[in-house]
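Peer 1: This is target19.cif (mmCIF, C-alpha atoms).
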data_coords
loop_
_atom_site.label_atom_id
_atom_site.label_comp_id
_atom_site.auth_asym_id
_atom_site.auth_seq_id
_atom_site.Cartn_x
_atom_site.Cartn_y
_atom_site.Cartn_z
CA MET H 1 -16.26 -2.31 14.96
CA ALA H 2 -15.03 0.16 12.36
CA ARG H 3 -17.13 2.97 10.96
CA ALA H 4 -18.28 2.32 7.40
CA SER H 5 -21.09 4.80 6.80
CA SER H 6 -18.97 7.41 5.01
CA LYS H 7 -17.26 4.79 2.87
CA MET H 8 -20.57 3.14 1.98
CA ASP H 9 -21.97 6.58 1.14
CA GLN H 10 -19.08 6.91 -1.31
CA LEU H 11 -19.91 3.53 -2.75
CA SER H 12 -23.54 4.58 -3.11
CA ASP H 13 -22.38 7.65 -5.04
CA LEU H 14 -20.29 5.42 -7.30
CA LEU H 15 -23.31 3.25 -8.06
CA ARG H 16 -25.40 6.28 -8.91
CA GLU H 17 -22.72 7.96 -11.04
CA GLY H 18 -21.95 4.75 -12.90
CA ARG H 19 -25.62 3.86 -13.31
CA LEU H 20 -24.99 0.57 -11.54
CA ASP H 21 -27.62 -1.34 -9.61
CA HIS H 22 -25.41 -3.59 -7.49
CA VAL H 23 -21.77 -4.09 -6.63
CA LEU H 24 -19.54 -7.11 -6.02
CA LEU H 25 -16.07 -6.35 -4.65
CA THR H 26 -13.38 -8.99 -4.22
CA SER H 27 -10.04 -7.18 -3.73
CA LEU H 28 -8.34 -7.19 -0.33
CA GLU H 29 -8.14 -3.40 -0.44
CA SER H 30 -11.90 -3.05 -1.00
CA LEU H 31 -12.67 -5.46 1.84
CA ARG H 32 -10.61 -3.19 4.11
CA TYR H 33 -11.72 0.16 2.70
CA PHE H 34 -15.47 -0.44 2.63
CA ALA H 35 -16.06 -3.25 5.12
CA GLY H 36 -13.26 -2.56 7.61
CA HIS H 37 -11.92 -6.12 7.34
CA THR H 38 -8.14 -6.47 7.29
CA THR H 39 -6.97 -9.77 5.87
CA ALA H 40 -3.72 -11.17 7.23
CA ILE H 41 -0.79 -11.17 4.83
CA GLU H 42 2.26 -12.77 6.42
CA THR H 43 0.20 -15.30 8.35
CA GLY H 44 -2.38 -15.65 5.58
CA PRO H 45 -4.71 -15.50 3.77
CA SER H 46 -4.93 -19.14 4.69
CA PRO H 47 -3.73 -21.49 1.95
CA PHE H 48 -6.99 -23.30 2.62
CA SER H 49 -9.02 -20.19 1.70
CA PRO H 50 -7.65 -18.86 -1.59
CA ARG H 51 -10.25 -16.09 -1.65
CA PRO H 52 -10.80 -14.63 1.84
CA GLY H 53 -14.08 -13.01 0.94
CA ALA H 54 -16.34 -10.83 -1.16
CA LEU H 55 -18.50 -7.79 -0.47
CA ALA H 56 -21.90 -7.84 -2.20
CA TRP H 57 -24.34 -4.96 -2.08
CA ILE H 58 -27.67 -5.62 -3.75
CA LYS H 59 -29.86 -2.61 -4.45
CA GLY H 60 -32.37 -2.11 -1.65
CA GLU H 61 -30.63 -4.55 0.71
CA GLU H 62 -27.96 -4.36 3.40
CA PRO H 63 -24.42 -5.09 2.19
CA ILE H 64 -23.15 -8.60 2.92
CA LEU H 65 -19.53 -9.55 3.51
CA PHE H 66 -18.91 -13.19 2.66
CA LEU H 67 -15.89 -14.36 4.68
CA ALA H 68 -14.08 -17.66 4.93
CA ASP H 69 -14.64 -19.10 8.40
CA SER H 70 -10.88 -18.87 8.99
CA GLU H 71 -11.20 -15.06 8.84
CA SER H 72 -12.19 -13.11 11.95
CA SER H 73 -15.22 -10.86 11.56
CA GLU H 74 -14.50 -8.78 14.68
CA ASP H 75 -13.20 -5.84 12.64
CA VAL H 76 -16.12 -5.71 10.20
CA ALA H 77 -17.86 -2.35 10.13
CA SER H 78 -21.31 -1.87 11.62
CA GLY H 79 -24.16 -2.02 9.12
CA ILE H 80 -22.57 -4.86 7.16
CA THR H 81 -23.91 -8.38 7.56
CA CYS H 82 -21.39 -11.23 7.65
CA ARG H 83 -21.93 -14.67 6.17
CA SER H 84 -19.26 -17.34 6.38
CA PHE H 85 -18.26 -20.15 4.07
CA THR H 86 -16.03 -23.13 4.77
CA GLY H 87 -12.33 -22.49 4.44
CA TYR H 88 -10.54 -25.40 6.05
CA THR H 89 -12.01 -28.83 6.61
CA TYR H 90 -10.58 -32.33 6.94
CA GLN H 91 -13.93 -34.03 6.29
CA SER H 92 -14.14 -33.22 2.59
CA PRO H 93 -11.98 -31.79 -0.22
CA LEU H 94 -11.02 -28.14 0.15
CA ARG H 95 -13.42 -26.11 -2.00
CA ALA H 96 -13.49 -22.63 -0.44
CA LEU H 97 -13.60 -20.72 -3.71
CA GLU H 98 -16.26 -23.02 -5.13
CA GLU H 99 -18.40 -22.55 -2.01
CA LEU H 100 -18.05 -18.77 -2.17
CA THR H 101 -18.92 -18.87 -5.87
CA ASN H 102 -22.08 -20.87 -5.20
CA LEU H 103 -23.15 -18.49 -2.44
CA LEU H 104 -22.73 -15.51 -4.72
CA ALA H 105 -24.53 -17.22 -7.59
CA SER H 106 -27.45 -17.97 -5.29
CA LYS H 107 -27.51 -14.38 -4.08
CA PHE H 108 -27.54 -12.88 -7.58
CA ALA H 109 -29.64 -15.52 -9.38
CA ASN H 110 -33.10 -14.06 -8.81
CA LEU H 111 -32.31 -10.44 -9.57
CA PRO H 112 -34.07 -8.71 -12.48
CA GLN H 113 -32.27 -7.29 -15.50
CA SER H 114 -29.60 -5.09 -13.92
CA THR H 115 -25.96 -4.00 -13.86
CA VAL H 116 -23.25 -5.03 -11.40
CA GLY H 117 -20.04 -3.14 -10.68
CA VAL H 118 -17.06 -5.46 -10.20
CA GLU H 119 -13.27 -5.32 -9.94
CA MET H 120 -12.15 -7.24 -13.02
CA ARG H 121 -8.50 -7.35 -11.93
CA ASP H 122 -9.43 -9.08 -8.68
CA LEU H 123 -12.50 -11.09 -9.68
CA PRO H 124 -11.67 -14.81 -9.87
CA ALA H 125 -12.50 -16.33 -13.25
CA LEU H 126 -14.53 -19.04 -11.53
CA ILE H 127 -16.88 -16.46 -9.99
CA LEU H 128 -17.21 -14.44 -13.19
CA GLU H 129 -17.89 -17.52 -15.30
CA LYS H 130 -20.49 -18.86 -12.86
CA LEU H 131 -22.33 -15.55 -12.60
CA SER H 132 -22.15 -14.86 -16.34
CA SER H 133 -23.57 -18.25 -17.27
CA GLY H 134 -26.02 -18.60 -14.40
CA CYS H 135 -27.29 -15.01 -14.35
CA PRO H 136 -27.64 -13.96 -18.00
CA GLN H 137 -29.85 -11.04 -16.96
CA LEU H 138 -26.86 -9.30 -15.36
CA GLU H 139 -24.35 -7.00 -17.05
CA PHE H 140 -20.95 -6.69 -15.39
CA HIS H 141 -19.09 -3.37 -15.52
CA ASP H 142 -15.52 -2.86 -14.35
CA ALA H 143 -15.50 -0.22 -11.57
CA THR H 144 -11.79 -0.60 -10.75
CA ALA H 145 -10.64 2.78 -12.06
CA ARG H 146 -13.32 4.68 -10.15
CA LEU H 147 -12.58 2.76 -6.95
CA ILE H 148 -8.86 3.55 -7.26
CA GLU H 149 -9.67 7.24 -7.69
CA MET H 150 -11.99 7.16 -4.69
CA ARG H 151 -9.35 5.61 -2.44
CA SER H 152 -6.78 8.25 -3.41
CA ILE H 153 -8.49 10.86 -1.19
CA LYS H 154 -8.08 10.06 2.50
CA ASP H 155 -10.45 11.06 5.28
CA ASP H 156 -9.26 12.07 8.75
CA ASP H 157 -9.46 8.54 10.14
CA GLU H 158 -7.36 7.21 7.29
CA VAL H 159 -4.73 9.91 7.76
CA GLU H 160 -4.49 9.00 11.45
CA ALA H 161 -4.10 5.33 10.53
CA ILE H 162 -1.28 6.21 8.13
CA ARG H 163 0.34 8.34 10.85
CA SER H 164 0.36 5.29 13.13
CA ALA H 165 2.04 3.17 10.45
CA LEU H 166 4.58 5.92 9.81
CA ALA H 167 5.38 6.13 13.52
CA LEU H 168 6.56 2.53 13.18
CA CYS H 169 8.63 3.60 10.17
CA ASP H 170 10.21 6.38 12.24
CA LEU H 171 11.06 3.89 14.96
CA GLY H 172 12.51 1.45 12.45
CA GLN H 173 14.66 4.07 10.75
CA ALA H 174 16.10 5.19 14.07
CA ARG H 175 16.87 1.59 14.98
CA VAL H 176 18.65 0.88 11.69
CA LYS H 177 20.81 3.96 12.22
CA GLN H 178 21.72 2.70 15.70
CA LEU H 179 22.52 -0.79 14.48
CA VAL H 180 24.68 -0.40 11.39
CA ALA H 181 28.23 -1.45 12.27
CA PRO H 182 31.06 -3.34 10.58
CA GLY H 183 30.68 -7.11 10.73
CA LEU H 184 26.90 -7.23 11.14
CA THR H 185 24.93 -8.70 8.26
CA GLU H 186 22.03 -7.02 6.51
CA LEU H 187 19.78 -9.76 7.82
CA GLU H 188 20.90 -9.19 11.40
CA VAL H 189 20.14 -5.47 11.12
CA PHE H 190 16.75 -6.22 9.56
CA ASN H 191 15.78 -8.75 12.23
CA GLU H 192 16.68 -6.41 15.10
CA MET H 193 14.83 -3.54 13.43
CA ARG H 194 11.78 -5.72 12.87
CA LYS H 195 11.80 -6.85 16.49
CA THR H 196 11.74 -3.20 17.58
CA ILE H 197 8.77 -2.41 15.32
CA GLU H 198 6.75 -5.47 16.34
CA SER H 199 7.48 -4.96 20.04
CA LYS H 200 6.03 -1.47 19.72
CA ALA H 201 3.04 -2.70 17.71
CA GLY H 202 2.39 -5.54 20.14
CA GLY H 203 2.19 -8.24 17.48
CA ARG H 204 3.15 -9.34 14.00
CA VAL H 205 3.38 -6.55 11.45
CA PRO H 206 3.51 -7.18 7.71
CA LEU H 207 6.75 -5.48 6.68
CA LEU H 208 8.15 -4.98 3.22
CA ALA H 209 11.71 -3.70 3.17
CA ASP H 210 14.64 -2.94 0.95
CA LEU H 211 17.67 -3.30 3.18
CA VAL H 212 20.89 -3.51 1.20
CA SER H 213 24.48 -2.38 1.71
CA GLY H 214 27.68 -1.68 -0.17
CA SER H 215 27.65 -2.29 -3.91
CA ARG H 216 24.19 -3.85 -3.60
CA THR H 217 22.77 -0.34 -3.11
CA ALA H 218 23.62 0.45 -6.76
CA ALA H 219 20.87 -1.99 -7.81
CA VAL H 220 18.15 0.17 -6.13
CA GLY H 221 17.07 -2.31 -3.45
CA GLY H 222 16.36 -5.89 -2.47
CA ASN H 223 15.80 -8.19 0.45
CA PRO H 224 18.41 -8.31 3.20
CA ASP H 225 20.82 -11.23 3.01
CA SER H 226 24.02 -12.46 4.67
CA SER H 227 26.16 -9.65 3.20
CA GLN H 228 28.35 -8.17 5.92
CA LEU H 229 28.51 -4.44 6.48
CA ARG H 230 31.92 -2.83 6.03
CA ILE H 231 33.38 0.53 7.02
CA GLY H 232 32.37 3.12 4.43
CA ASP H 233 29.38 1.15 3.12
CA LEU H 234 26.10 2.88 2.46
CA VAL H 235 22.95 1.14 3.71
CA ILE H 236 19.56 1.76 2.07
CA ALA H 237 16.63 1.06 4.43
CA ASP H 238 13.25 1.42 2.73
CA LEU H 239 10.64 0.35 5.30
CA VAL H 240 6.99 -0.35 4.46
CA PRO H 241 4.94 -1.68 7.42
CA ARG H 242 1.19 -2.23 7.52
CA TYR H 243 -0.59 -1.37 10.75
CA ASN H 244 -4.35 -1.76 11.28
CA GLY H 245 -4.86 -2.12 7.56
CA TYR H 246 -2.92 0.97 6.43
CA TRP H 247 0.65 1.27 5.16
CA GLY H 248 3.59 3.49 5.97
CA ASP H 249 6.61 4.03 3.70
CA THR H 250 9.90 5.82 4.31
CA CYS H 251 13.49 5.44 3.21
CA ASN H 252 16.84 6.58 4.56
CA THR H 253 20.40 5.92 3.50
CA CYS H 254 23.10 5.90 6.15
CA ALA H 255 26.83 5.19 6.19
CA VAL H 256 28.75 2.63 8.22
CA GLU H 257 31.28 4.61 10.29
CA GLY H 258 31.64 7.57 8.00
CA ALA H 259 30.84 8.55 4.42
CA SER H 260 33.18 9.78 1.71
CA ALA H 261 33.13 13.39 0.55
CA GLU H 262 31.40 12.32 -2.67
CA GLN H 263 28.74 10.39 -0.77
CA GLN H 264 28.13 13.38 1.52
CA ARG H 265 27.82 15.72 -1.47
CA ILE H 266 25.32 13.53 -3.29
CA PHE H 267 23.36 12.76 -0.12
CA GLN H 268 22.92 16.48 0.48
CA GLY H 269 21.91 16.95 -3.16
CA VAL H 270 19.20 14.29 -2.96
CA LYS H 271 17.99 15.68 0.38
CA THR H 272 17.74 19.16 -1.13
CA ALA H 273 15.84 17.72 -4.10
CA LEU H 274 13.35 16.01 -1.77
CA ASP H 275 12.90 19.09 0.41
CA ASP H 276 12.36 21.25 -2.65
CA ALA H 277 9.82 18.81 -4.12
CA ILE H 278 7.90 18.82 -0.83
CA ASP H 279 7.74 22.61 -1.08
CA GLN H 280 6.17 22.20 -4.55
CA VAL H 281 3.37 19.94 -3.32
CA LYS H 282 -0.03 21.62 -3.44
CA PRO H 283 -3.47 20.97 -4.92
CA GLY H 284 -3.42 21.42 -8.69
CA ILE H 285 0.18 20.40 -9.41
CA ARG H 286 0.34 17.40 -11.72
CA ALA H 287 2.05 14.17 -10.70
CA CYS H 288 4.25 14.35 -13.80
CA GLU H 289 5.36 17.86 -12.87
CA LEU H 290 6.58 16.69 -9.47
CA ASP H 291 8.36 13.79 -11.15
CA SER H 292 10.03 16.11 -13.67
CA HIS H 293 11.07 18.49 -10.89
CA LEU H 294 12.85 15.69 -9.01
CA ARG H 295 14.48 14.26 -12.12
CA GLN H 296 15.95 17.65 -13.00
CA TRP H 297 17.59 17.81 -9.58
CA ILE H 298 18.96 14.25 -9.80
CA ARG H 299 20.21 14.75 -13.37
CA LYS H 300 22.51 17.51 -12.11
CA LEU H 301 24.06 15.09 -9.61
CA GLY H 302 24.87 12.41 -12.22
CA GLY H 303 24.07 8.71 -11.93
CA ALA H 304 20.91 6.79 -12.78
CA TYR H 305 17.34 7.29 -11.53
CA PRO H 306 15.52 4.14 -12.79
CA HIS H 307 12.30 4.26 -10.77
CA HIS H 308 9.21 6.29 -9.93
CA SER H 309 9.56 9.49 -7.93
CA GLY H 310 6.72 8.56 -5.60
CA HIS H 311 3.28 7.06 -5.19
CA GLY H 312 0.09 7.16 -3.20
CA LEU H 313 -0.27 5.31 0.08
CA GLY H 314 -3.26 3.91 1.96
CA VAL H 315 -4.88 0.47 2.13
CA THR H 316 -2.25 -0.55 -0.41
CA PHE H 317 1.42 0.37 -0.25
CA HIS H 318 1.57 1.63 -3.83
CA GLU H 319 -1.49 3.33 -5.25
CA GLU H 320 -2.59 6.40 -7.16
CA PRO H 321 -1.38 8.98 -7.74
CA ARG H 322 1.86 7.51 -9.09
CA ILE H 323 4.51 10.24 -9.33
CA VAL H 324 5.83 9.26 -12.77
CA PRO H 325 6.46 10.95 -16.13
CA TYR H 326 3.24 9.88 -17.83
CA ASN H 327 0.76 10.69 -15.05
CA GLN H 328 -1.28 13.86 -15.70
CA THR H 329 -3.31 13.45 -12.49
CA MET H 330 -3.61 16.65 -10.49
CA LEU H 331 -2.89 16.40 -6.78
CA ARG H 332 -5.87 17.08 -4.55
CA ALA H 333 -6.19 17.89 -0.87
CA GLY H 334 -6.48 14.66 1.08
CA MET H 335 -4.05 12.65 -1.05
CA VAL H 336 -1.19 10.99 0.80
CA ILE H 337 1.96 10.48 -1.27
CA ALA H 338 5.44 9.16 -0.64
CA LEU H 339 8.22 10.99 -2.48
CA GLU H 340 11.45 9.02 -2.94
CA PRO H 341 14.20 10.44 -5.14
CA GLY H 342 17.27 8.27 -5.53
CA ILE H 343 20.55 8.06 -7.41
CA TYR H 344 22.49 4.94 -8.35
CA ILE H 345 26.06 4.75 -9.65
CA GLU H 346 26.74 1.47 -11.44
CA GLY H 347 29.38 -0.68 -9.81
CA LYS H 348 29.73 1.66 -6.84
CA TRP H 349 26.73 2.55 -4.67
CA GLY H 350 23.35 4.19 -4.58
CA LEU H 351 21.20 6.12 -2.13
CA ARG H 352 17.53 7.01 -1.75
CA LEU H 353 15.56 9.24 0.63
CA GLU H 354 11.80 9.19 1.20
CA HIS H 355 9.16 11.03 3.20
CA THR H 356 5.38 10.57 3.21
CA ILE H 357 3.34 13.73 2.73
CA LEU H 358 -0.29 14.74 3.13
CA VAL H 359 -1.54 17.15 0.47
CA THR H 360 -3.44 19.95 2.22
CA GLU H 361 -5.35 22.97 0.96
CA ALA H 362 -2.37 25.08 2.04
CA GLY H 363 0.32 22.85 0.50
CA ALA H 364 1.86 19.87 2.25
CA GLU H 365 2.33 18.31 5.68
CA VAL H 366 5.17 15.85 6.17
CA LEU H 367 3.68 12.91 8.07
CA SER H 368 6.88 10.94 8.59
CA LYS H 369 8.86 12.57 11.40
CA PHE H 370 12.35 11.02 11.34
CA GLU H 371 15.28 13.06 10.02
CA HIS H 372 17.31 11.97 7.01
CA THR H 373 20.92 11.75 8.16
CA LEU H 374 23.87 10.02 6.60
#
Represent the structure contained in this file as structure tokens.
Peer 2:
Amino acid sequence: MARASSKMDQLSDLLREGRLDHVLLTSLESLRYFAGHTTAIETGPSPFSPRPGALAWIKGEEPILFLADSESSEDVASGITCRSFTGYTYQSPLRALEELTNLLASKFANLPQSTVGVEMRDLPALILEKLSSGCPQLEFHDATARLIEMRSIKDDDEVEAIRSALALCDLGQARVKQLVAPGLTELEVFNEMRKTIESKAGGRVPLLADLVSGSRTAAVGGNPDSSQLRIGDLVIADLVPRYNGYWGDTCNTCAVEGASAEQQRIFQGVKTALDDAIDQVKPGIRACELDSHLRQWIRKLGGAYPHHSGHGLGVTFHEEPRIVPYNQTMLRAGMVIALEPGIYIEGKWGLRLEHTILVTEAGAEVLSKFEHTL
């Protein structure tokens, strides 16, 4: 079982700070972060269980994780009680969400006048409507923003989990570099790379990936398809695997049997921009300042830069702090961010490089270990 005490202590602090009596969490990331339960993605959640679960913590009681019976409870943290509801059945109509809703309504029905922290973005309307009408003594307050802020600071166990996911990224990037050759398709490269990652992991790994070549790289990214690699093509490989509930994220751009002088010049410019931005990372710098720093470098190289400069990483693959022009958030020690400057020349090609970095009291530690090479 996973350890949950420190995370539940954080949740207790949130309740106190927000003057909340109880909490009801329904997002996949909260189920993982607080309860230790990782819901399958590529093999589920089961279509028969549209809502895999909910974490309810009533004041003065032990927290309860309600899970569909199709979900394993082996990874649930100690100190959290599990209660199942029917996901799949052939003996009656499928009503998993309705059953979960009724269980929650029963749990909350007899509470006195009190407040409940919820995640409005991830709370099914059926649950909210049932609780609002059946429990008029309860006031529901959206705790999403505070939960997002809480998850942005990683503890040592989380950093180690991210390291493990990034080790798969490193392996995948090395394999892509080995594979790219004229005549292979993007899909063939992707499938071989994925096989390498999953063989190392010992099982299925949810894997998001941009893997595009040639003129397709000018459009930033996309899923691999039957496009054949040609001599002189650039290949963008942006790999985002999830391992034990935490995500890795890295990107490299490599050339098929040699790059042009222009491609080499711009590759080195983007690499210098990334290295320089990493040197700027430290507690107190604002996300928008890092973004501006990278955009100034890319502007000198010419071409377009139509995306964020980076983002947080953890139980989701894109979380706070977003490294974007509007974000005034100050970086803090314990944040894990991916920085990914890129440049895209319409009708020709594009390239992007990315490392994942831990913000430390002293500055930054690069967690991804592969080397960007063209």
Peer 1: Take the PyMOL selection byres ((chain H and resi 83) around 9), apply it to the structure above, and return the hits as a list in words.
Peer 2: Ile64, Leu65, Phe66, Leu67, Ala68, Asp69, Thr81, Cys82, Ser84 and Phe85 of chain H
Peer 1: For the file shown, what are the residues hit by the PyMOL selection byres ((chain H and resi 211-226) around 6), laid out as number ranges by chain?
Peer 2: H: 185-187, 209-210, 227, 233-237, 344-346, 348-350
Peer 1: I want to know what sits within 10 Å of H:Ser12, based on only C-alpha atoms, with residues of the same chain fewer than 3 positions away left out; could you give that as a PyMOL selection string?
Peer 2: chain H and resi 6-9+15-18+20-23+57+59
Peer 1: Limited to C-alpha atoms, could you put the picked residues into a file as a PDB file, keeping the file's coordinate frame?
Peer 2:
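File written: result-v5.pdb
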ATOM      1  CA  SER H   6     -18.970   7.410   5.010  1.00  0.00           C
ATOM      2  CA  LYS H   7     -17.260   4.790   2.870  1.00  0.00           C
ATOM      3  CA  MET H   8     -20.570   3.140   1.980  1.00  0.00           C
ATOM      4  CA  ASP H   9     -21.970   6.580   1.140  1.00  0.00           C
ATOM      5  CA  LEU H  15     -23.310   3.250  -8.060  1.00  0.00           C
ATOM      6  CA  ARG H  16     -25.400   6.280  -8.910  1.00  0.00           C
ATOM      7  CA  GLU H  17     -22.720   7.960 -11.040  1.00  0.00           C
ATOM      8  CA  GLY H  18     -21.950   4.750 -12.900  1.00  0.00           C
ATOM      9  CA  LEU H  20     -24.990   0.570 -11.540  1.00  0.00           C
ATOM     10  CA  ASP H  21     -27.620  -1.340  -9.610  1.00  0.00           C
ATOM     11  CA  HIS H  22     -25.410  -3.590  -7.490  1.00  0.00           C
ATOM     12  CA  VAL H  23     -21.770  -4.090  -6.630  1.00  0.00           C
ATOM     13  CA  TRP H  57     -24.340  -4.960  -2.080  1.00  0.00           C
ATOM     14  CA  LYS H  59     -29.860  -2.610  -4.450  1.00  0.00           C
TER      15      LYS H  59
END
Peer 1: Could you tell me which residues the PyMOL selection byres ((chain H and resi 273) around 8) grabs in this file, written as a ChimeraX atom specification?
Peer 2: /H:269-272,274-277,294,297-298,341
Peer 1: Could you name the residues that touch H:Thr373 at 12 Å or less, counting all atoms listed in the file, but leaving out those on the same chain fewer than 5 positions away, as JSON, numbers by chain?
Peer 2: {"H": [173, 174, 176, 177, 178, 234, 235, 236, 251, 252, 253, 254, 255, 258, 259, 263, 264, 267, 268, 270, 271, 351, 352, 353, 354]}
Peer 1: Given the selection you just returned, output its residues as a file containing C-alpha atoms, formatted as a CSV table (one decimal), in the frame of the given file.
Peer 2:
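Final output, saved to selection.csv:
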chain,number,residue,atom,x,y,z
H,173,GLN,CA,14.7,4.1,10.8
H,174,ALA,CA,16.1,5.2,14.1
H,176,VAL,CA,18.6,0.9,11.7
H,177,LYS,CA,20.8,4.0,12.2
H,178,GLN,CA,21.7,2.7,15.7
H,234,LEU,CA,26.1,2.9,2.5
H,235,VAL,CA,23.0,1.1,3.7
H,236,ILE,CA,19.6,1.8,2.1
H,251,CYS,CA,13.5,5.4,3.2
H,252,ASN,CA,16.8,6.6,4.6
H,253,THR,CA,20.4,5.9,3.5
H,254,CYS,CA,23.1,5.9,6.2
H,255,ALA,CA,26.8,5.2,6.2
H,258,GLY,CA,31.6,7.6,8.0
H,259,ALA,CA,30.8,8.6,4.4
H,263,GLN,CA,28.7,10.4,-0.8
H,264,GLN,CA,28.1,13.4,1.5
H,267,PHE,CA,23.4,12.8,-0.1
H,268,GLN,CA,22.9,16.5,0.5
H,270,VAL,CA,19.2,14.3,-3.0
H,271,LYS,CA,18.0,15.7,0.4
H,351,LEU,CA,21.2,6.1,-2.1
H,352,ARG,CA,17.5,7.0,-1.8
H,353,LEU,CA,15.6,9.2,0.6
H,354,GLU,CA,11.8,9.2,1.2
Peer 1: What are the closest atom pairs, with distances in Å to one decimal, for all residues of stretch 158-257 of chain H lying within 10 Å of stretch 362-369 of chain H? Consider all atoms listed in the file, order rows by chain and residue number, and present the result as CSV.
Peer 2:
residue,atom,partner,partner_atom,distance
H:Val159,CA,H:Leu367,CA,8.9
H:Glu160,CA,H:Leu367,CA,9.7
H:Ile162,CA,H:Leu367,CA,8.3
H:Arg163,CA,H:Leu367,CA,6.3
H:Ser164,CA,H:Leu367,CA,9.7
H:Ala165,CA,H:Ser368,CA,9.3
H:Leu166,CA,H:Ser368,CA,5.7
H:Ala167,CA,H:Ser368,CA,7.0
H:Leu168,CA,H:Ser368,CA,9.6
H:Cys169,CA,H:Ser368,CA,7.7
H:Asp170,CA,H:Lys369,CA,6.4
H:Leu171,CA,H:Lys369,CA,9.6
H:Gly248,CA,H:Ser368,CA,8.6
H:Asp249,CA,H:Ser368,CA,8.5
H:Thr250,CA,H:Ser368,CA,7.3
Peer 1: Using C-alpha atoms, can you write the selected residues to a file as a short mmCIF file (atom, residue, chain, number, x, y, z; two decimals), in the coordinates of the input?
Peer 2:
data_model
loop_
_atom_site.label_atom_id
_atom_site.label_comp_id
_atom_site.auth_asym_id
_atom_site.auth_seq_id
_atom_site.Cartn_x
_atom_site.Cartn_y
_atom_site.Cartn_z
CA VAL H 159 -4.73 9.91 7.76
CA GLU H 160 -4.49 9.00 11.45
CA ILE H 162 -1.28 6.21 8.13
CA ARG H 163 0.34 8.34 10.85
CA SER H 164 0.36 5.29 13.13
CA ALA H 165 2.04 3.17 10.45
CA LEU H 166 4.58 5.92 9.81
CA ALA H 167 5.38 6.13 13.52
CA LEU H 168 6.56 2.53 13.18
CA CYS H 169 8.63 3.60 10.17
CA ASP H 170 10.21 6.38 12.24
CA LEU H 171 11.06 3.89 14.96
CA GLY H 248 3.59 3.49 5.97
CA ASP H 249 6.61 4.03 3.70
CA THR H 250 9.90 5.82 4.31
#
Peer 1: Which residues, written as a PyMOL selection string, have at least one atom at most 12 Å from H:Asp75, with all atoms listed in the file counted and residues fewer than 4 positions away on the same chain left out?
Peer 2: chain H and resi 1-4+31-39+65+67+71+80+82+244-245
Peer 1: Measuring between only C-alpha atoms, which one of H:Ile231, H:Val324, H:Leu128, H:Leu207 shows the shortest distance to H:Ala181?
Peer 2: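 So, comparing all the options, the nearest one is H:Ile231.
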Peer 1: Any idea what the distance is between atom CA of H:Pro321 and atom CA of H:His307?
Peer 2: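 Between atom CA of H:Pro321 and atom CA of H:His307 the gap works out to 14.8 Å.
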Peer 1: I need the residue nearest H:Gly312 from this list: H:Met193, H:Ile153, H:Leu184, H:Ile278. Use all atoms listed in the file for the distance.
Peer 2: H:Ile153
Peer 1: Of the residues H:Leu138, H:Pro52, H:Ala333, H:Arg286, which is the one nearest to H:Glu99, using only C-alpha atoms?
Peer 2: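 Result for the nearest residue to H:Glu99: H:Pro52.
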Peer 1: Got a sec to check which residues sit within 10 Å of (-19.8, -3.1, -10.9), counting all atoms listed in the file, and write them as a ChimeraX atom specification?
Peer 2: /H:14-15,18-25,115-120,139-144
Peer 1: Give me, please, the distance in Å between atom CA of H:Lys200 and atom CA of H:Ser27, quoted to one decimal.
Peer 2: 29.0 Å
Peer 1: Show me, as a PyMOL selection string, the residues that have an atom within 7 Å of stretch 130-137 of chain H when counting only C-alpha atoms, minus same-chain residues fewer than 2 positions from it.
Peer 2: chain H and resi 105+109+112-114+126-128+139
Peer 1: Quick one: pull the distance between atom CA of H:Thr86 and atom CA of H:Leu123, Å, one decimal.
Peer 2: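 Separation of atom CA of H:Thr86 and atom CA of H:Leu123: 19.1 Å.
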Peer 1: Name all residues at most 7 Å from H:Pro206 (count all atoms listed in the file; drop same-chain ones fewer than 3 positions away) and give them as a VMD selection string.
Peer 2: chain H and resid 41 to 42 241 to 242
Peer 1: Using only C-alpha atoms and a cutoff of 7 Å, can you tell me which residues are near (-3.8, 12.2, 1.6) in the file's coordinates, and write them out as a PyMOL selection string?
Peer 2: chain H and resi 153-154+159+333-337+358-359
Peer 1: Any chance you could build stretch 77-83 of chain H out to N, CA and C atoms and write it as a short mmCIF file (atom, residue, chain, number, x, y, z; two decimals), keeping the file's coordinate frame?
Peer 2:
data_model
loop_
_atom_site.label_atom_id
_atom_site.label_comp_id
_atom_site.auth_asym_id
_atom_site.auth_seq_id
_atom_site.Cartn_x
_atom_site.Cartn_y
_atom_site.Cartn_z
N ALA H 77 -17.16 -3.58 9.79
CA ALA H 77 -17.86 -2.35 10.13
C ALA H 77 -19.34 -2.62 10.44
N SER H 78 -19.89 -1.77 11.30
CA SER H 78 -21.31 -1.87 11.62
C SER H 78 -22.12 -1.58 10.37
N GLY H 79 -23.29 -2.20 10.27
CA GLY H 79 -24.16 -2.02 9.12
C GLY H 79 -23.89 -2.98 7.99
N ILE H 80 -22.88 -3.86 8.18
CA ILE H 80 -22.57 -4.86 7.16
C ILE H 80 -22.79 -6.25 7.76
N THR H 81 -23.62 -7.02 7.11
CA THR H 81 -23.91 -8.38 7.56
C THR H 81 -22.79 -9.31 7.11
N CYS H 82 -22.41 -10.24 7.99
CA CYS H 82 -21.39 -11.23 7.65
C CYS H 82 -22.02 -12.60 7.42
N ARG H 83 -21.52 -13.30 6.42
CA ARG H 83 -21.93 -14.67 6.17
C ARG H 83 -20.69 -15.48 5.85
#
